[in-house]
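Report on the structure given below.
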Amino acid sequence: MNIGIIGLGLIGGSLGLALRDMKLIDKVSGYDKSEQNAKDALELGLVDELKSFEEIKNSCDVIFIAVPVEGIIKVLARLEGAPLSTTIIDLGSTKERIVKSCPASLKSQFIAAHPMAGTEYSGPKAAFKELLKGAVVVLCDDESMSQKHLKRATEILSHVGMHIIFMDAVSHDHHVGFISHLPHAISFSLVNATLSEEERRNIFLLGGSSFAGMARIAKSSEIMWADIFRQNKDNILGAMQAFKAEFAHCEDMLKNERWDELSEWMKNAHQIKEIL
């Protein structure tokens with residue numbers, strides 16, 4: 001198979017590296033609207049060759065879309081008219097709006113996927129071959145999806161080393177609103193609050209592993225995450241309300257010196273050890 005990747009950053013570039021090692025793949029072609037990203041991706045060996053958008057649209061058996069989620073909607077519109085034999089797979093972190101935006105002519109060949117993998121870094125230079133290995137990928141199944149294209153997608157993603165689960169798009173966006181998107185909102189808020197109250201010197205000297213761990217994801221691309229927050233606004237706001245209720249409960253116990261209750265509340269959170 002000939003593979004095309006639109007978007008050669010962390011996810012697209014890491015996928016390209018993994019695909020180039022697969023025997024069932026003949027060639028991996030790439031496209032990025034940033035000429036510098038495209039040049040870096042080719043020099044780093046993330047893809048075999050660069051092609052124009054139209055060349056990828058018309059010549060690849062499988063096309064992966066690895067751009068920010070608002071961009072995915074625009075890319076899908078540009079892919080109208082692609083051969084019906086082409087499997088189109090998006091790799092965005094939100095799903096409901098993307099699925100709804102998919103042109104009717106592409107519905108049978110479109111696979112909505114979300115690889116639960118990433119780092120706080122972005123761009124082709126952040127890509128590495130093992131990023132997706134062992135990660136979960138959510139496929140949001142749709143009744144109009146062709147089983148041929150679904151089988152091809154699951155075969156490729158399995159060969160990359162990913163664990164596939166199926167979920168409807170609405171449920172996906174609700175769950176990731178809590179488990180993925182809320183932590184980013186908390187991290188961005190924590191860092192901005194700290195920067196507004198503390199001198200950089202104190203942050204440097206006193207920022208131990210706990211602060212560094214919570215602040216790490218605030219280094220993530222604002223372009224990518226602003227798009228995600230825009231598309232999954234309602235679910236993120238719902239998650240924020242639940243978080244604020246717990247935070248207010250913590251504040252109340254602290255103000256009123258209910259230390260035993262506070263200790264039990266903290267102990268309850270230890271259940272996460274059994275899950276993660």
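Residue numbering restarts at 1 in every chain; chains get A, B, ... in the order shown in the structure tokens, and ligands count up from 1 in that same order.
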Residues near Met240 in chain A, anyone? I mean within 10 Å using only C-alpha atoms, not counting same-chain ones fewer than 2 positions away, as a ChimeraX atom specification. /A:177-178,181-183,185-186,234-238,242-246
Just the residues within 6 Å of Ile3 in chain A, please, counting only C-alpha atoms, with nothing from its chain fewer than 3 positions along; format it as a ChimeraX atom specification. /A:28,60,62-63
For Leu131 in chain A, please output as a count of residues only all residues within 9 Å (counting only C-alpha atoms; exclusion window: fewer than 2 positions along the same chain). 14
Considering only C-alpha atoms, return as a PyMOL selection string whatever protein or nucleic-acid residues lie within 10 Å of range 144-149 of chain A, sequence-local ones (same chain, fewer than 6 positions apart) excluded. chain A and resi 62+84-89+104+106-112+155
Just the selected residues (C-alpha atoms), exported as a PDB file, in the first residue's frame, please.
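Saved as selection.pdb:
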ATOM      1  CA  VAL A  62      -4.627   5.317   2.714  1.00  0.00           C
ATOM      2  CA  LEU A  84     -13.659   5.584  -3.275  1.00  0.00           C
ATOM      3  CA  SER A  85     -10.971   2.931  -2.797  1.00  0.00           C
ATOM      4  CA  THR A  86      -8.947   5.317  -0.600  1.00  0.00           C
ATOM      5  CA  THR A  87      -9.209   4.891   3.168  1.00  0.00           C
ATOM      6  CA  ILE A  88      -9.197   8.235   4.993  1.00  0.00           C
ATOM      7  CA  ILE A  89      -8.287   8.251   8.698  1.00  0.00           C
ATOM      8  CA  ALA A 104     -21.452  12.702   2.591  1.00  0.00           C
ATOM      9  CA  LEU A 106     -16.595  10.412   1.968  1.00  0.00           C
ATOM     10  CA  LYS A 107     -18.688   8.785   4.704  1.00  0.00           C
ATOM     11  CA  SER A 108     -18.132   5.183   3.604  1.00  0.00           C
ATOM     12  CA  GLN A 109     -14.337   5.547   3.458  1.00  0.00           C
ATOM     13  CA  PHE A 110     -13.781   7.784   6.492  1.00  0.00           C
ATOM     14  CA  ILE A 111     -12.469   6.395   9.792  1.00  0.00           C
ATOM     15  CA  ALA A 112     -12.520   8.709  12.823  1.00  0.00           C
ATOM     16  CA  GLU A 155      -4.869  -3.829  10.255  1.00  0.00           C
TER      17      GLU A 155
END
Using only C-alpha atoms, which residue out of A:Asn202, A:Pro115, A:Gly213, A:Lys95 lies closest to Gly161 in chain A?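 Nearest to Gly161 in chain A: A:Pro115.
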Residue contacts of Ala38 in chain A (10 Å, only C-alpha atoms) excluding same-chain residues fewer than 3 positions away, as a PyMOL selection string: chain A and resi 7-9+13+30-35+41-44+46-47+49-51+124
Report the distance between CA of Leu276 in chain A and CA of Ser180 in chain A in Å, rounded to one decimal place.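 These atoms are spaced 14.0 Å apart.
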Kindly give the distance, in Å, that separates CA of Ile56 in chain A and CA of Asn2 in chain A, rounded to a single decimal.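 Going from CA of Ile56 in chain A over to CA of Asn2 in chain A, I get 9.5 Å.
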Could you give me the residues within range 35-260 of chain A that DSSP places in alpha helix (DSSP H), as a PyMOL selection string? chain A and resi 35-43+53-59+69-78+96-101+147-160+169-176+182-197+200-206+209-215+222-231+233-255+259-260
Once DSSP has gone over the backbone, tell me which residues of range 121-205 of chain A are in strand (DSSP E), as a ChimeraX atom specification. /A:136-140,163-166
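Counting only C-alpha atoms and comparing A:Val191, A:Leu76, A:Leu205, A:Met22, the residue that lies closest to Lys219 in chain A is A:Val191.
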Would you kindly return, as an NGL selection string, each protein, DNA or RNA residue with an atom no farther than 12 Å from any atom of Ser93 in chain A, considering only C-alpha atoms and excluding same-chain residues fewer than 3 positions away? :A and (11 or 65-70 or 72 or 90 or 96-98 or 112-118 or 137-140 or 169 or 172-177 or 179-181 or 224-232)
Which of these residues is nearest to Lys27 in chain A, using only C-alpha atoms: A:Asp48, A:Glu257, A:Lys39, A:Glu130? A:Asp48
